[in-house]
file my_file_37.pdb (PDB, C-alpha atoms)
ATOM      1  CA  MET B   1       4.361 -18.212  15.537  1.00  0.00           C
ATOM      2  CA  TYR B   2       7.761 -19.509  14.332  1.00  0.00           C
ATOM      3  CA  PRO B   3      10.121 -18.929  17.284  1.00  0.00           C
ATOM      4  CA  GLU B   4      12.902 -21.034  15.735  1.00  0.00           C
ATOM      5  CA  GLU B   5      13.166 -18.752  12.688  1.00  0.00           C
ATOM      6  CA  THR B   6      15.723 -15.931  12.740  1.00  0.00           C
ATOM      7  CA  GLU B   7      14.990 -14.392   9.350  1.00  0.00           C
ATOM      8  CA  GLY B   8      12.413 -14.485   6.602  1.00  0.00           C
ATOM      9  CA  LEU B   9       8.670 -13.966   6.507  1.00  0.00           C
ATOM     10  CA  LYS B  10       7.921 -16.647   9.117  1.00  0.00           C
ATOM     11  CA  SER B  11       9.965 -14.812  11.749  1.00  0.00           C
ATOM     12  CA  GLY B  12       7.698 -11.777  11.482  1.00  0.00           C
ATOM     13  CA  ILE B  13       4.336 -13.333  12.381  1.00  0.00           C
ATOM     14  CA  ILE B  14       2.955 -12.660  15.850  1.00  0.00           C
ATOM     15  CA  VAL B  15      -0.314 -14.227  17.039  1.00  0.00           C
ATOM     16  CA  ASP B  16      -2.307 -14.018  20.250  1.00  0.00           C
ATOM     17  CA  ASN B  17      -3.036 -17.748  20.328  1.00  0.00           C
ATOM     18  CA  ASP B  18      -1.307 -20.765  18.772  1.00  0.00           C
ATOM     19  CA  ASN B  19      -4.684 -22.408  18.278  1.00  0.00           C
ATOM     20  CA  VAL B  20      -6.094 -21.098  14.986  1.00  0.00           C
ATOM     21  CA  GLU B  21      -9.642 -21.775  16.199  1.00  0.00           C
ATOM     22  CA  LYS B  22      -9.183 -19.418  19.175  1.00  0.00           C
ATOM     23  CA  ARG B  23      -7.010 -16.830  17.461  1.00  0.00           C
ATOM     24  CA  GLU B  24      -8.320 -13.263  17.416  1.00  0.00           C
ATOM     25  CA  LEU B  25      -5.199 -11.392  16.284  1.00  0.00           C
ATOM     26  CA  LEU B  26      -2.365 -11.885  13.797  1.00  0.00           C
ATOM     27  CA  VAL B  27       0.327  -9.334  12.944  1.00  0.00           C
ATOM     28  CA  CYS B  28       2.727 -10.062  10.080  1.00  0.00           C
ATOM     29  CA  VAL B  29       5.736  -7.826   9.398  1.00  0.00           C
ATOM     30  CA  MET B  30       7.252  -8.797   6.076  1.00  0.00           C
ATOM     31  CA  ASP B  31      10.946  -8.454   5.417  1.00  0.00           C
ATOM     32  CA  LYS B  32      11.908  -5.437   3.355  1.00  0.00           C
ATOM     33  CA  GLY B  33      13.808  -7.580   0.883  1.00  0.00           C
ATOM     34  CA  GLU B  34      10.782  -9.732   0.202  1.00  0.00           C
ATOM     35  CA  SER B  35       8.570  -6.703  -0.294  1.00  0.00           C
ATOM     36  CA  GLU B  36      10.961  -5.303  -2.889  1.00  0.00           C
ATOM     37  CA  GLN B  37      10.564  -8.488  -4.904  1.00  0.00           C
ATOM     38  CA  GLU B  38       6.794  -8.347  -4.581  1.00  0.00           C
ATOM     39  CA  LYS B  39       6.317  -4.729  -5.598  1.00  0.00           C
ATOM     40  CA  GLY B  40       7.356  -5.325  -9.188  1.00  0.00           C
ATOM     41  CA  PRO B  41       8.934  -2.710 -11.460  1.00  0.00           C
ATOM     42  CA  ASP B  42      10.404   0.411  -9.866  1.00  0.00           C
ATOM     43  CA  ILE B  43      10.032   3.998 -11.040  1.00  0.00           C
ATOM     44  CA  ASP B  44      13.146   3.730 -13.240  1.00  0.00           C
ATOM     45  CA  HIS B  45      11.480   0.944 -15.188  1.00  0.00           C
ATOM     46  CA  PHE B  46       8.414   3.107 -15.841  1.00  0.00           C
ATOM     47  CA  ARG B  47      10.666   5.974 -16.955  1.00  0.00           C
ATOM     48  CA  GLU B  48      12.537   3.644 -19.327  1.00  0.00           C
ATOM     49  CA  ILE B  49       9.357   2.498 -21.046  1.00  0.00           C
ATOM     50  CA  GLY B  50       8.148   6.072 -21.486  1.00  0.00           C
ATOM     51  CA  PHE B  51       5.646   6.736 -18.730  1.00  0.00           C
ATOM     52  CA  PHE B  52       7.470   9.831 -17.532  1.00  0.00           C
ATOM     53  CA  ASP B  53       8.756  11.286 -20.788  1.00  0.00           C
ATOM     54  CA  LYS B  54       8.896  15.002 -21.624  1.00  0.00           C
ATOM     55  CA  ARG B  55       5.309  15.106 -22.900  1.00  0.00           C
ATOM     56  CA  MET B  56       3.966  13.278 -19.837  1.00  0.00           C
ATOM     57  CA  ASN B  57       5.823  15.568 -17.425  1.00  0.00           C
ATOM     58  CA  LYS B  58       4.584  18.652 -19.286  1.00  0.00           C
ATOM     59  CA  GLY B  59       1.000  17.387 -18.998  1.00  0.00           C
ATOM     60  CA  LEU B  60       1.430  16.638 -15.299  1.00  0.00           C
ATOM     61  CA  LYS B  61       2.722  20.155 -14.640  1.00  0.00           C
ATOM     62  CA  LYS B  62      -0.187  21.707 -16.575  1.00  0.00           C
ATOM     63  CA  LEU B  63      -2.546  19.669 -14.411  1.00  0.00           C
ATOM     64  CA  GLY B  64      -0.817  20.958 -11.273  1.00  0.00           C
ATOM     65  CA  TYR B  65       1.225  17.840 -10.421  1.00  0.00           C
ATOM     66  CA  GLU B  66       4.974  17.404 -10.132  1.00  0.00           C
ATOM     67  CA  PRO B  67       6.547  14.395 -11.855  1.00  0.00           C
ATOM     68  CA  PRO B  68       7.357  11.803  -9.170  1.00  0.00           C
ATOM     69  CA  GLU B  69      10.953  11.382  -8.037  1.00  0.00           C
ATOM     70  CA  ASN B  70      10.553   8.068  -6.189  1.00  0.00           C
ATOM     71  CA  TYR B  71       8.335   4.995  -5.987  1.00  0.00           C
ATOM     72  CA  HIS B  72       6.190   6.308  -3.106  1.00  0.00           C
ATOM     73  CA  ASP B  73       5.418   9.565  -4.920  1.00  0.00           C
ATOM     74  CA  MET B  74       4.592   7.645  -8.118  1.00  0.00           C
ATOM     75  CA  ILE B  75       2.090   5.470  -6.251  1.00  0.00           C
ATOM     76  CA  PHE B  76       0.691   8.486  -4.382  1.00  0.00           C
ATOM     77  CA  LEU B  77       0.200  10.321  -7.696  1.00  0.00           C
ATOM     78  CA  CYS B  78      -1.607   7.336  -9.222  1.00  0.00           C
ATOM     79  CA  GLU B  79      -3.835   6.923  -6.196  1.00  0.00           C
ATOM     80  CA  THR B  80      -4.736  10.582  -5.673  1.00  0.00           C
ATOM     81  CA  PHE B  81      -4.982  11.774  -9.277  1.00  0.00           C
ATOM     82  CA  ASP B  82      -8.560  12.895  -9.902  1.00  0.00           C
ATOM     83  CA  TYR B  83      -9.380  12.327 -13.550  1.00  0.00           C
ATOM     84  CA  LYS B  84     -12.867  13.836 -12.995  1.00  0.00           C
ATOM     85  CA  LYS B  85     -11.342  17.329 -12.891  1.00  0.00           C
ATOM     86  CA  CYS B  86     -10.137  16.907 -16.466  1.00  0.00           C
ATOM     87  CA  ASN B  87     -13.025  18.126 -18.591  1.00  0.00           C
ATOM     88  CA  LYS B  88     -11.163  20.426 -21.016  1.00  0.00           C
ATOM     89  CA  LEU B  89      -7.703  19.086 -21.643  1.00  0.00           C
ATOM     90  CA  SER B  90      -4.883  20.043 -23.923  1.00  0.00           C
ATOM     91  CA  PRO B  91      -3.178  17.228 -25.869  1.00  0.00           C
ATOM     92  CA  SER B  92      -0.372  17.006 -23.286  1.00  0.00           C
ATOM     93  CA  GLU B  93      -2.920  16.813 -20.455  1.00  0.00           C
ATOM     94  CA  VAL B  94      -4.855  14.085 -22.285  1.00  0.00           C
ATOM     95  CA  ASN B  95      -1.604  12.161 -22.676  1.00  0.00           C
ATOM     96  CA  ALA B  96      -0.702  12.571 -19.006  1.00  0.00           C
ATOM     97  CA  THR B  97      -4.173  11.501 -17.886  1.00  0.00           C
ATOM     98  CA  TYR B  98      -4.148   8.451 -20.156  1.00  0.00           C
ATOM     99  CA  MET B  99      -0.636   7.442 -19.074  1.00  0.00           C
ATOM    100  CA  LEU B 100      -1.475   7.781 -15.361  1.00  0.00           C
ATOM    101  CA  MET B 101      -4.582   5.624 -15.723  1.00  0.00           C
ATOM    102  CA  GLU B 102      -2.570   3.037 -17.671  1.00  0.00           C
ATOM    103  CA  LEU B 103       0.227   3.133 -15.085  1.00  0.00           C
ATOM    104  CA  ASN B 104      -2.280   2.654 -12.266  1.00  0.00           C
ATOM    105  CA  ALA B 105      -3.788  -0.351 -14.062  1.00  0.00           C
ATOM    106  CA  VAL B 106      -0.340  -1.892 -14.669  1.00  0.00           C
ATOM    107  CA  ARG B 107       0.997  -1.496 -11.151  1.00  0.00           C
ATOM    108  CA  ILE B 108      -1.999  -2.352  -8.974  1.00  0.00           C
ATOM    109  CA  PRO B 109      -0.714  -5.278  -6.932  1.00  0.00           C
ATOM    110  CA  GLY B 110      -2.830  -8.136  -5.682  1.00  0.00           C
ATOM    111  CA  MET B 111      -3.629  -7.719  -2.020  1.00  0.00           C
ATOM    112  CA  ILE B 112      -1.415  -9.734   0.271  1.00  0.00           C
ATOM    113  CA  SER B 113      -3.634 -11.630   2.640  1.00  0.00           C
ATOM    114  CA  CYS B 114      -2.730 -13.849   5.574  1.00  0.00           C
ATOM    115  CA  ASN B 115      -4.906 -16.669   6.806  1.00  0.00           C
ATOM    116  CA  GLY B 116      -5.191 -17.519  10.450  1.00  0.00           C
ATOM    117  CA  VAL B 117      -7.957 -15.310  11.872  1.00  0.00           C
ATOM    118  CA  SER B 118     -11.624 -15.878  11.147  1.00  0.00           C
ATOM    119  CA  GLY B 119     -14.134 -13.174  11.891  1.00  0.00           C
ATOM    120  CA  ASP B 120     -17.820 -12.650  12.206  1.00  0.00           C
ATOM    121  CA  GLU B 121     -18.810 -11.121   8.887  1.00  0.00           C
ATOM    122  CA  SER B 122     -21.978  -9.622  10.356  1.00  0.00           C
ATOM    123  CA  TYR B 123     -19.804  -7.720  12.865  1.00  0.00           C
ATOM    124  CA  THR B 124     -17.747  -6.127  10.093  1.00  0.00           C
ATOM    125  CA  GLU B 125     -20.250  -6.078   7.218  1.00  0.00           C
ATOM    126  CA  ASP B 126     -20.395  -2.259   7.117  1.00  0.00           C
ATOM    127  CA  ILE B 127     -16.673  -2.011   6.263  1.00  0.00           C
ATOM    128  CA  GLU B 128     -15.942  -1.573   2.564  1.00  0.00           C
ATOM    129  CA  ALA B 129     -12.475  -1.810   1.056  1.00  0.00           C
ATOM    130  CA  GLU B 130     -10.810   1.567   1.597  1.00  0.00           C
ATOM    131  CA  ARG B 131      -7.356   3.037   1.102  1.00  0.00           C
ATOM    132  CA  PHE B 132      -5.862   5.694   3.369  1.00  0.00           C
ATOM    133  CA  TYR B 133      -2.578   7.608   3.497  1.00  0.00           C
ATOM    134  CA  TYR B 134      -0.598   8.213   6.647  1.00  0.00           C
ATOM    135  CA  ASP B 135       2.527  10.298   7.267  1.00  0.00           C
ATOM    136  CA  ASN B 136       3.984  10.678  10.767  1.00  0.00           C
ATOM    137  CA  GLY B 137       7.251  12.365   9.732  1.00  0.00           C
ATOM    138  CA  ASN B 138       9.267   9.170  10.279  1.00  0.00           C
ATOM    139  CA  MET B 139       7.372   7.068   7.746  1.00  0.00           C
ATOM    140  CA  LYS B 140       4.718   7.304   5.075  1.00  0.00           C
ATOM    141  CA  SER B 141       2.256   4.536   4.438  1.00  0.00           C
ATOM    142  CA  PHE B 142      -0.663   3.484   2.308  1.00  0.00           C
ATOM    143  CA  VAL B 143      -3.235   1.641   4.407  1.00  0.00           C
ATOM    144  CA  TYR B 144      -5.741  -0.762   2.873  1.00  0.00           C
ATOM    145  CA  GLU B 145      -8.749  -1.610   5.025  1.00  0.00           C
ATOM    146  CA  PHE B 146     -11.025  -4.515   4.130  1.00  0.00           C
ATOM    147  CA  ILE B 147     -12.672  -7.736   5.281  1.00  0.00           C
ATOM    148  CA  ASN B 148     -10.669 -10.784   4.191  1.00  0.00           C
ATOM    149  CA  ASP B 149     -12.034 -14.031   2.773  1.00  0.00           C
ATOM    150  CA  HIS B 150     -12.392 -15.471   6.290  1.00  0.00           C
ATOM    151  CA  GLY B 151     -14.488 -12.566   7.573  1.00  0.00           C
ATOM    152  CA  ALA B 152     -11.702 -11.020   9.656  1.00  0.00           C
ATOM    153  CA  TYR B 153     -10.932  -7.308   9.612  1.00  0.00           C
ATOM    154  CA  GLU B 154      -7.628  -6.705   7.812  1.00  0.00           C
ATOM    155  CA  LEU B 155      -5.335  -3.711   7.589  1.00  0.00           C
ATOM    156  CA  ASN B 156      -2.524  -3.981   5.078  1.00  0.00           C
ATOM    157  CA  LEU B 157       0.082  -1.238   5.513  1.00  0.00           C
ATOM    158  CA  GLU B 158       2.595  -0.477   2.760  1.00  0.00           C
ATOM    159  CA  VAL B 159       5.254   1.317   4.833  1.00  0.00           C
ATOM    160  CA  TYR B 160       7.988   3.635   3.485  1.00  0.00           C
ATOM    161  CA  ASP B 161      10.868   5.101   5.463  1.00  0.00           C
ATOM    162  CA  VAL B 162      10.943   8.856   4.681  1.00  0.00           C
ATOM    163  CA  ASN B 163      14.674   8.432   3.940  1.00  0.00           C
ATOM    164  CA  ASP B 164      14.079   5.572   1.461  1.00  0.00           C
ATOM    165  CA  LEU B 165      10.932   6.279  -0.549  1.00  0.00           C
ATOM    166  CA  ASP B 166      11.829   3.818  -3.306  1.00  0.00           C
ATOM    167  CA  ASN B 167      11.444   0.749  -1.058  1.00  0.00           C
ATOM    168  CA  TRP B 168       8.667  -0.423   1.210  1.00  0.00           C
ATOM    169  CA  GLN B 169       7.573  -3.312   3.325  1.00  0.00           C
ATOM    170  CA  ASN B 170       4.197  -4.693   4.327  1.00  0.00           C
ATOM    171  CA  VAL B 171       2.686  -4.918   7.768  1.00  0.00           C
ATOM    172  CA  ILE B 172      -0.519  -6.967   7.864  1.00  0.00           C
ATOM    173  CA  ILE B 173      -2.849  -6.813  10.862  1.00  0.00           C
ATOM    174  CA  LEU B 174      -5.793  -9.218  11.123  1.00  0.00           C
ATOM    175  CA  SER B 175      -8.227  -8.993  13.986  1.00  0.00           C
ATOM    176  CA  LYS B 176     -11.736  -9.973  14.941  1.00  0.00           C
ATOM    177  CA  ASP B 177     -12.062  -6.462  16.401  1.00  0.00           C
ATOM    178  CA  PRO B 178     -11.476  -3.598  13.919  1.00  0.00           C
ATOM    179  CA  GLU B 179     -10.643  -1.146  16.722  1.00  0.00           C
ATOM    180  CA  VAL B 180      -7.807  -3.355  18.000  1.00  0.00           C
ATOM    181  CA  ALA B 181      -6.303  -3.516  14.490  1.00  0.00           C
ATOM    182  CA  ARG B 182      -6.570   0.268  14.096  1.00  0.00           C
ATOM    183  CA  GLN B 183      -4.883   0.886  17.454  1.00  0.00           C
ATOM    184  CA  ILE B 184      -1.991  -1.403  16.494  1.00  0.00           C
ATOM    185  CA  ALA B 185      -1.685   0.281  13.079  1.00  0.00           C
ATOM    186  CA  LYS B 186      -1.309   3.686  14.760  1.00  0.00           C
ATOM    187  CA  THR B 187       1.780   2.415  16.614  1.00  0.00           C
ATOM    188  CA  VAL B 188       3.665   1.265  13.482  1.00  0.00           C
ATOM    189  CA  GLN B 189       6.813   3.270  12.848  1.00  0.00           C
ATOM    190  CA  ILE B 190      10.276   2.882  11.381  1.00  0.00           C
ATOM    191  CA  ALA B 191      12.721   1.566  13.937  1.00  0.00           C
ATOM    192  CA  GLU B 192      16.473   2.027  13.876  1.00  0.00           C
ATOM    193  CA  ASP B 193      18.320  -0.709  11.977  1.00  0.00           C
TER     194      ASP B 193
END
call {"tool": "encode", "arguments": {"input": "my_file_37.pdb", "output": "structure tokens"}}
result
Amino acid sequence: MYPEETEGLKSGIIVDNDNVEKRELLVCVMDKGESEQEKGPDIDHFREIGFFDKRMNKGLKKLGYEPPENYHDMIFLCETFDYKKCNKLSPSEVNATYMLMELNAVRIPGMISCNGVSGDESYTEDIEAERFYYDNGNMKSFVYEFINDHGAYELNLEVYDVNDLDNWQNVIILSKDPEVARQIAKTVQIAED
């Protein structure tokens, strides 16, 4: 889409047609550096302000969870923690549950959405916003699936290198055909630098 660019967000956008009216596919690979700025506070920040203090970690362990060591594991804990299992809690478990819910509310980012593909909302109306987790040994990712404001099917992948779980980058796939987007998403992996 921006062949003259050599770095930055614009260099990472691939489309199937320059004409927006005829476009059926857009893939955007954001630079890692830009994603780091977008993600907000890191796990050290949350430790500094007391989210993972001694009491919190004790509560997590009593609930069967390990305190997270990196940003990916912190997000995974927030997203997979099932507060419904907590019907008889000790004070440390109540604290851990409360702190996790507060942390999840603080860190939920706005969805990054790209314009440039319009879809037929009736074709994708049965798709509700979902979040999935994927680990292929080379990378771990959180995958958001939803219909964007223009009716196109969108997959937003938050991708982590297994050797650098404190940093991530986004890959956004927009398509008129959900199956095409899913097939592309399955091919995403960490390449050598």
call {"tool": "resolve_selection", "arguments": {"input": "my_file_37.pdb", "expression": "the PyMOL selection byres ((chain B and resi 72) around 10)", "output": "list in words"}}
result
Asp42, Ile43, Pro68, Glu69, Asn70, Tyr71, Asp73, Met74, Ile75, Phe76, Leu77, Cys78, Lys140, Ser141, Phe142, Glu158, Val159, Tyr160, Asp161, Val162, Asp164, Leu165, Asp166, Asn167 and Trp168 of chain B
call {"tool": "atom_distance", "arguments": {"input": "my_file_37.pdb", "atom1": "CA of Glu102 (chain B)", "atom2": "CA of Ser90 (chain B)"}}
result
18.3 Å
call {"tool": "closest_residue", "arguments": {"input": "my_file_37.pdb", "among": "B:Val94, B:Ala105, B:Cys28, B:Val117", "to": "Asp177 (chain B)", "atoms": "all atoms listed in the file"}}
result
B:Val117
call {"tool": "atom_distance", "arguments": {"input": "my_file_37.pdb", "atom1": "CA of Asn170 (chain B)", "atom2": "CA of Met139 (chain B)"}}
result
12.7 Å
call {"tool": "residues_around", "arguments": {"input": "my_file_37.pdb", "residues": "region 172-174 of chain B", "least_positions_apart": "2", "cutoff": "10 Å", "atoms": "all atoms listed in the file", "output": "PyMOL selection string"}}
result
chain B and resi 13-15+23-30+112-119+143-148+151-158+169-170+176-178+180-182+184-185
call {"tool": "atom_distance", "arguments": {"input": "my_file_37.pdb", "atom1": "CA of Pro67 (chain B)", "atom2": "CA of Phe132 (chain B)"}}
result
21.5 Å
call {"tool": "resolve_selection", "arguments": {"input": "my_file_37.pdb", "expression": "the PyMOL selection byres ((chain B and resi 53-66) around 12)", "output": "tab-separated table (two decimals) with C-alpha atoms, in the coordinates of the input"}}
result
chain	number	residue	atom	x	y	z
B	44	ASP	CA	13.15	3.73	-13.24
B	46	PHE	CA	8.41	3.11	-15.84
B	47	ARG	CA	10.67	5.97	-16.95
B	48	GLU	CA	12.54	3.64	-19.33
B	49	ILE	CA	9.36	2.50	-21.05
B	50	GLY	CA	8.15	6.07	-21.49
B	51	PHE	CA	5.65	6.74	-18.73
B	52	PHE	CA	7.47	9.83	-17.53
B	67	PRO	CA	6.55	14.40	-11.86
B	68	PRO	CA	7.36	11.80	-9.17
B	69	GLU	CA	10.95	11.38	-8.04
B	70	ASN	CA	10.55	8.07	-6.19
B	73	ASP	CA	5.42	9.56	-4.92
B	74	MET	CA	4.59	7.64	-8.12
B	76	PHE	CA	0.69	8.49	-4.38
B	77	LEU	CA	0.20	10.32	-7.70
B	78	CYS	CA	-1.61	7.34	-9.22
B	80	THR	CA	-4.74	10.58	-5.67
B	81	PHE	CA	-4.98	11.77	-9.28
B	82	ASP	CA	-8.56	12.90	-9.90
B	83	TYR	CA	-9.38	12.33	-13.55
B	84	LYS	CA	-12.87	13.84	-13.00
B	85	LYS	CA	-11.34	17.33	-12.89
B	86	CYS	CA	-10.14	16.91	-16.47
B	87	ASN	CA	-13.02	18.13	-18.59
B	88	LYS	CA	-11.16	20.43	-21.02
B	89	LEU	CA	-7.70	19.09	-21.64
B	90	SER	CA	-4.88	20.04	-23.92
B	91	PRO	CA	-3.18	17.23	-25.87
B	92	SER	CA	-0.37	17.01	-23.29
B	93	GLU	CA	-2.92	16.81	-20.45
B	94	VAL	CA	-4.86	14.08	-22.28
B	95	ASN	CA	-1.60	12.16	-22.68
B	96	ALA	CA	-0.70	12.57	-19.01
B	97	THR	CA	-4.17	11.50	-17.89
B	98	TYR	CA	-4.15	8.45	-20.16
B	99	MET	CA	-0.64	7.44	-19.07
B	100	LEU	CA	-1.48	7.78	-15.36
B	103	LEU	CA	0.23	3.13	-15.08
call {"tool": "axis_aligned_box", "arguments": {"input": "my_file_37.pdb", "around": "region 75-80 of chain B", "padding_each_side": "8 Å", "output": "JSON"}}
result
{"center_x": -1.3, "center_y": 8.0, "center_z": -6.8, "size_x": 22.8, "size_y": 21.1, "size_z": 20.8}
call {"tool": "closest_residue", "arguments": {"input": "my_file_37.pdb", "among": "B:Asn104, B:His150, B:Asn163, B:Asp135", "to": "Lys186 (chain B)", "atoms": "all atoms listed in the file"}}
result
B:Asp135
